[in-house]
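Everything below belongs to final07.cif, which stores mmCIF, C-alpha atoms and all ligand atoms.
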```cif
data_upload
loop_
_atom_site.label_atom_id
_atom_site.label_comp_id
_atom_site.auth_asym_id
_atom_site.auth_seq_id
_atom_site.Cartn_x
_atom_site.Cartn_y
_atom_site.Cartn_z
CA MET G 1 80.55 98.71 51.57
CA MET G 2 77.48 100.48 50.22
CA GLU G 3 78.10 102.21 46.88
CA LEU G 4 75.73 105.21 47.00
CA CYS G 5 74.12 107.00 49.91
CA ALA G 6 72.39 110.36 49.78
CA VAL G 7 71.60 113.48 51.72
CA VAL G 8 68.28 114.94 50.59
CA ALA G 9 67.67 118.61 51.42
CA ALA G 10 63.93 118.94 52.02
CA ALA G 11 63.82 121.42 54.89
CA GLY G 12 63.12 124.63 53.00
CA GLY G 13 59.89 126.55 53.37
CA GLY G 14 59.45 127.22 49.67
CA GLU G 15 58.87 130.95 49.94
CA ARG G 16 59.04 131.58 46.19
CA LEU G 17 56.58 128.78 45.49
CA GLY G 18 54.15 130.12 48.06
CA ALA G 19 52.40 126.78 48.69
CA PRO G 20 50.46 126.15 51.93
CA VAL G 21 52.92 123.38 52.95
CA PRO G 22 56.74 123.33 52.83
CA LYS G 23 57.81 122.77 49.22
CA ALA G 24 59.08 119.18 49.56
CA PHE G 25 55.62 118.13 50.81
CA VAL G 26 53.67 119.57 47.89
CA GLU G 27 51.75 116.79 46.09
CA LEU G 28 52.22 115.85 42.44
CA PRO G 29 50.53 112.91 40.72
CA GLY G 30 52.29 109.89 42.25
CA GLY G 31 53.44 111.51 45.50
CA THR G 32 55.09 114.55 47.00
CA LEU G 33 58.14 116.27 45.52
CA LEU G 34 60.21 114.55 48.20
CA GLU G 35 58.76 111.12 47.41
CA HIS G 36 59.41 111.56 43.68
CA SER G 37 62.99 112.63 44.41
CA LEU G 38 63.59 109.64 46.70
CA ARG G 39 62.14 107.28 44.08
CA SER G 40 64.37 108.78 41.36
CA LEU G 41 67.41 108.22 43.58
CA ALA G 42 66.38 104.66 44.53
CA GLN G 43 65.79 103.73 40.89
CA GLN G 44 69.43 104.59 40.15
CA GLY G 45 70.94 102.65 43.03
CA VAL G 46 70.76 104.77 46.18
CA SER G 47 70.05 102.44 49.10
CA PHE G 48 70.21 104.92 52.01
CA ALA G 49 68.99 108.51 52.33
CA ALA G 50 69.26 110.97 55.21
CA VAL G 51 66.49 113.51 54.65
CA ALA G 52 66.49 116.96 56.26
CA VAL G 53 62.92 118.09 56.90
CA PRO G 54 61.48 121.37 58.21
CA PRO G 55 61.84 121.63 62.00
CA GLY G 56 58.53 121.15 63.75
CA PHE G 57 56.56 120.33 60.59
CA GLN G 58 54.15 117.39 60.84
CA PRO G 59 53.48 116.02 57.35
CA PRO G 60 49.76 115.33 56.74
CA ARG G 61 50.74 111.69 56.07
CA PRO G 62 53.96 109.72 56.66
CA VAL G 63 56.61 109.91 53.93
CA ALA G 64 56.39 106.86 51.61
CA PHE G 65 59.92 105.57 51.15
CA PRO G 66 60.67 103.63 47.95
CA PRO G 67 61.20 99.86 48.18
CA GLY G 68 64.82 98.94 48.81
CA MET G 69 65.74 102.29 50.31
CA GLU G 70 66.46 102.79 53.99
CA ALA G 71 65.86 106.38 55.10
CA VAL G 72 66.08 108.53 58.18
CA LEU G 73 64.54 111.94 58.77
CA VAL G 74 66.35 114.72 60.63
CA GLU G 75 65.47 118.34 61.33
CA GLY G 76 67.02 120.80 58.90
CA GLY G 77 68.54 124.17 59.76
CA PRO G 78 68.06 127.80 58.74
CA ARG G 79 70.20 127.59 55.58
CA ARG G 80 70.33 124.75 53.05
CA GLN G 81 73.92 124.01 54.04
CA ASP G 82 72.86 123.67 57.71
CA SER G 83 70.23 121.13 56.66
CA VAL G 84 72.78 119.19 54.60
CA LEU G 85 75.21 119.11 57.52
CA ASN G 86 72.55 117.86 59.96
CA ALA G 87 71.64 115.02 57.61
CA ALA G 88 75.26 114.24 56.68
CA ARG G 89 75.97 113.29 60.29
CA LEU G 90 73.60 110.31 59.90
CA LEU G 91 75.16 108.77 56.79
CA PRO G 92 76.48 105.20 56.95
CA PRO G 93 79.80 104.26 55.34
CA ALA G 94 79.51 104.39 51.54
CA ARG G 95 81.90 104.90 48.63
CA VAL G 96 80.08 107.92 47.24
CA VAL G 97 77.84 110.54 48.90
CA LEU G 98 75.21 112.31 46.83
CA VAL G 99 73.63 115.56 47.94
CA HIS G 100 70.27 116.23 46.33
CA ASP G 101 67.48 118.82 46.43
CA ALA G 102 64.06 117.34 47.19
CA ALA G 103 62.82 120.07 44.85
CA ARG G 104 64.28 118.24 41.80
CA PRO G 105 61.99 115.26 41.29
CA PHE G 106 63.25 114.09 37.86
CA LEU G 107 66.69 112.68 37.02
CA ARG G 108 67.86 111.65 33.58
CA PRO G 109 68.57 107.91 33.18
CA GLY G 110 72.19 107.01 33.82
CA LEU G 111 73.00 110.22 35.68
CA LEU G 112 73.98 108.68 39.03
CA ALA G 113 76.31 106.09 37.47
CA GLU G 114 78.13 108.86 35.60
CA LEU G 115 78.34 111.10 38.66
CA ALA G 116 79.61 108.24 40.83
CA ALA G 117 82.26 107.19 38.31
CA GLU G 118 83.57 110.76 38.02
CA ALA G 119 83.47 111.29 41.79
CA LEU G 120 85.39 108.08 42.43
CA ARG G 121 88.03 109.08 39.92
CA HIS G 122 88.30 112.83 40.58
CA GLY G 123 86.72 113.41 44.01
CA ALA G 124 83.59 115.34 43.06
CA ALA G 125 81.11 115.68 40.18
CA VAL G 126 78.08 117.80 39.34
CA PRO G 127 75.45 117.82 36.59
CA ALA G 128 75.83 121.01 34.54
CA LEU G 129 73.95 122.50 31.58
CA PRO G 130 75.31 125.24 29.32
CA CYS G 131 73.32 128.41 29.95
CA PRO G 132 70.91 128.68 26.99
CA ASP G 133 69.90 132.32 27.37
CA THR G 134 71.67 135.64 27.10
CA LEU G 135 72.75 137.04 30.45
CA LYS G 136 72.24 140.69 31.29
CA ILE G 137 72.64 142.89 34.34
CA VAL G 138 69.35 144.71 34.97
CA GLU G 139 69.36 147.76 37.23
CA GLY G 140 66.36 149.95 37.95
CA GLY G 141 64.39 148.36 35.10
CA ALA G 142 67.15 148.89 32.53
CA ALA G 143 69.22 146.14 30.95
CA VAL G 144 72.51 147.95 31.48
CA ARG G 145 75.06 145.36 30.43
CA THR G 146 75.37 142.03 28.62
CA VAL G 147 77.43 139.41 30.44
CA ASP G 148 79.76 137.12 28.50
CA ARG G 149 78.16 133.71 28.88
CA SER G 150 80.95 131.62 27.38
CA GLY G 151 81.63 128.76 29.77
CA VAL G 152 78.67 129.67 31.99
CA HIS G 153 76.69 126.64 33.12
CA LEU G 154 73.63 125.99 35.27
CA VAL G 155 74.55 123.50 37.96
CA GLN G 156 72.04 121.00 39.30
CA THR G 157 71.83 118.24 41.90
CA PRO G 158 72.51 115.45 42.78
CA GLN G 159 76.12 116.39 43.36
CA ALA G 160 78.48 113.50 44.05
CA PHE G 161 81.46 113.33 46.39
CA ARG G 162 83.87 110.51 47.10
CA ARG G 163 83.57 109.68 50.79
CA ASP G 164 87.04 110.94 51.77
CA VAL G 165 86.35 114.21 49.94
CA PHE G 166 82.97 114.61 51.63
CA ASP G 167 84.59 114.01 55.03
CA ALA G 168 87.13 116.73 54.23
CA MET G 169 84.26 119.08 53.26
CA LEU G 170 82.23 118.63 56.45
CA PRO G 171 84.24 121.02 58.70
CA LEU G 172 83.77 123.76 56.07
CA TYR G 173 79.96 123.70 56.15
CA ASP G 174 79.98 125.91 59.26
CA ARG G 175 82.69 128.25 58.00
CA LEU G 176 81.61 129.13 54.45
CA HIS G 177 78.43 130.58 53.03
CA VAL G 178 77.49 128.69 49.87
CA THR G 179 74.55 127.97 47.55
CA ASP G 180 75.66 124.46 46.62
CA ASP G 181 77.85 121.69 47.99
CA ALA G 182 80.23 121.78 45.06
CA ALA G 183 81.38 125.20 46.26
CA ILE G 184 82.53 123.51 49.45
CA ALA G 185 84.37 120.83 47.46
CA GLU G 186 86.08 123.62 45.50
CA ALA G 187 87.16 125.27 48.75
CA ALA G 188 88.46 121.93 50.02
CA GLY G 189 90.67 121.63 46.94
CA PHE G 190 88.53 119.31 44.82
CA PRO G 191 87.11 121.18 41.82
CA PRO G 192 84.19 119.01 40.64
CA ARG G 193 83.98 117.39 37.23
CA ALA G 194 80.96 118.42 35.18
CA VAL G 195 78.70 115.73 33.69
CA GLU G 196 75.76 116.42 31.40
CA GLY G 197 72.79 117.84 33.26
CA SER G 198 69.22 117.72 31.98
CA PRO G 199 66.45 120.30 31.49
CA PHE G 200 64.17 117.74 33.17
CA THR G 201 66.21 118.04 36.35
CA PHE G 202 64.96 121.59 36.89
CA LYS G 203 64.35 122.74 40.44
CA VAL G 204 60.75 123.43 41.39
CA THR G 205 61.18 127.00 42.56
CA ARG G 206 58.24 129.09 41.36
CA PRO G 207 54.59 128.25 40.60
CA ALA G 208 55.26 127.72 36.86
CA ASP G 209 57.88 125.06 37.72
CA LEU G 210 55.28 123.23 39.77
CA GLU G 211 52.83 123.29 36.87
CA LEU G 212 55.48 121.71 34.63
CA ALA G 213 56.40 119.13 37.27
CA ARG G 214 52.75 118.13 37.65
CA ILE G 215 52.43 117.59 33.89
CA LEU G 216 55.59 115.47 33.79
CA ALA G 217 54.59 113.47 36.87
CA ALA G 218 51.13 112.78 35.44
CA ARG G 219 52.78 111.43 32.27
CA SER G 220 54.65 108.75 34.24
CA ALA G 221 52.27 108.21 37.18
CA PRO G 222 51.07 104.64 37.70
N1 LIG X 301 66.51 123.47 51.81
C1 LIG X 301 66.80 122.87 53.02
N2 LIG X 301 67.00 123.65 54.15
C2 LIG X 301 66.92 124.99 54.06
C3 LIG X 301 66.64 125.61 52.83
C4 LIG X 301 66.46 124.82 51.70
O1 LIG X 301 66.87 121.63 53.11
N3 LIG X 301 67.11 125.70 55.18
C5 LIG X 301 66.25 122.62 50.63
C6 LIG X 301 64.87 122.84 50.04
O2 LIG X 301 63.91 122.05 50.74
C7 LIG X 301 65.05 122.45 48.59
C8 LIG X 301 66.55 122.67 48.34
O3 LIG X 301 67.16 122.91 49.60
O4 LIG X 301 64.75 121.09 48.34
C9 LIG X 301 66.81 123.83 47.38
O5 LIG X 301 66.43 125.06 47.99
P1 LIG X 301 65.32 126.07 47.44
O6 LIG X 301 64.86 125.67 46.10
O7 LIG X 301 65.84 127.45 47.67
O8 LIG X 301 64.08 125.75 48.43
P2 LIG X 301 63.47 126.68 49.54
O9 LIG X 301 64.56 127.33 50.32
O10 LIG X 301 62.47 125.85 50.26
O11 LIG X 301 62.69 127.76 48.65
P3 LIG X 301 62.74 129.38 48.79
O12 LIG X 301 64.21 129.75 48.66
O13 LIG X 301 61.90 129.86 47.67
O14 LIG X 301 62.19 129.70 50.15
MG MG X 302 65.95 128.69 49.39
#
```

I need this file expressed as structure tokens, please.
Ligand code: CTP
Ligand code: MG
Amino acid sequence: MMELCAVVAAAGGGERLGAPVPKAFVELPGGTLLEHSLRSLAQQGVSFAAVAVPPGFQPPRPVAFPPGMEAVLVEGGPRRQDSVLNAARLLPPARVVLVHDAARPFLRPGLLAELAAEALRHGAAVPALPCPDTLKIVEGGAAVRTVDRSGVHLVQTPQAFRRDVFDAMLPLYDRLHVTDDAAIAEAAGFPPRAVEGSPFTFKVTRPADLELARILAARSAP
């Protein structure tokens, strides 16, 4: 059976980025955000990806899939979790399912092997980074309260789920309202293990993130 397959969420409009095309189709040196993300996954052993893309959007050119990766495109839904569910229905049998944001083009070496090992042993695993900054509640322009940040982590993708766990999560995608897939694993009774995330696995969200991603992509572009 295949070891790693992936759902790639690429169906968002990218409102905060404000680009003229949906975010996953924004070009960096060496390809679009989506193409970089697919390549990063393929380089670490993902051989199949189900990619949720914006409904009705015609990319200016066909998506270039990395060598050795089979991929299918499916229309996403209104929320990220709807897009993930649509794509999840197309996954082949595999020991571990990864769910990844197309908006995170760079993965640290070794990440997928660590995620897969933890997911196989414990059911689910996520990359997490300790929050480096002080957290405050700001209301009406005033920093009214400092939040205790001990234990607070920033959680990234890919997130990894053992296949039986992912199958148990699927019915919950319609019932819960979540911002990541790990929250569904938690609700299904499988609190994810945390492996070391990376600052390079940031999500391209705002224009400054795109500037950084372009610099990093140019550094490694062929
Ligand atoms: N995504 C998706 N389907 C949606 C919404 C988001 O597949 N209905 C994907 C995005 O394409 C992105 C990932 O989920 O790769 C993370 O979401 P986010 O960074 O919020 O992207 P957008 O929703 O596109 O951006 P924004 O919230 O600024 O509009
Ligand atoms: Mg969004």

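Remark: for ligand MG 302 (chain X), the closest of the candidate residues G:Pro78, G:Pro62, G:Gly68, G:Pro55 is G:Pro78 (distances computed over all atoms listed in the file).
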
Give me, as a PDB file with C-alpha atoms, in the frame of the given file, all polymer residues having an atom no more than 10 Å from Glu35 in chain G, counting only C-alpha atoms and skipping those fewer than 3 positions away in the same chain.
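Final output, saved to result.pdb:
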```
ATOM      1  CA  ALA G  24      59.080 119.180  49.560  1.00  0.00           C
ATOM      2  CA  PHE G  25      55.620 118.130  50.810  1.00  0.00           C
ATOM      3  CA  VAL G  26      53.670 119.570  47.890  1.00  0.00           C
ATOM      4  CA  GLU G  27      51.750 116.790  46.090  1.00  0.00           C
ATOM      5  CA  LEU G  28      52.220 115.850  42.440  1.00  0.00           C
ATOM      6  CA  GLY G  30      52.290 109.890  42.250  1.00  0.00           C
ATOM      7  CA  GLY G  31      53.440 111.510  45.500  1.00  0.00           C
ATOM      8  CA  THR G  32      55.090 114.550  47.000  1.00  0.00           C
ATOM      9  CA  LEU G  38      63.590 109.640  46.700  1.00  0.00           C
ATOM     10  CA  ARG G  39      62.140 107.280  44.080  1.00  0.00           C
ATOM     11  CA  SER G  40      64.370 108.780  41.360  1.00  0.00           C
ATOM     12  CA  LEU G  41      67.410 108.220  43.580  1.00  0.00           C
ATOM     13  CA  VAL G  63      56.610 109.910  53.930  1.00  0.00           C
ATOM     14  CA  ALA G  64      56.390 106.860  51.610  1.00  0.00           C
ATOM     15  CA  PHE G  65      59.920 105.570  51.150  1.00  0.00           C
ATOM     16  CA  PRO G  66      60.670 103.630  47.950  1.00  0.00           C
ATOM     17  CA  ALA G 102      64.060 117.340  47.190  1.00  0.00           C
ATOM     18  CA  PRO G 105      61.990 115.260  41.290  1.00  0.00           C
TER      19      PRO G 105
END
```

Can you work out which residues are within 9 Å of ligand LIG 301 (chain X), considering all atoms listed in the file, and then hand them over as a PyMOL selection string?
chain G and resi 8-18+22-24+33-34+51-54+75-84+100-104+179-180+203-206

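For the residues G:Ala194, G:Leu170, G:Val138, G:Val178, ranking by smallest atom-to-atom distance to Leu115 in chain G using only C-alpha atoms places G:Ala194 first.
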
Applying 9 Å and only C-alpha atoms, which residues near Cys131 in chain G remain after dropping the ones on its own chain fewer than 2 positions away? List them as a PyMOL selection string.
chain G and resi 129+133-135+149-154

Write out as a ChimeraX atom specification the residues lying within 10 Å of Arg163 in chain G, counting all atoms listed in the file and excluding same-chain residues fewer than 2 positions away.
/G:4-5,93-98,119-120,123-124,160-161,165-169
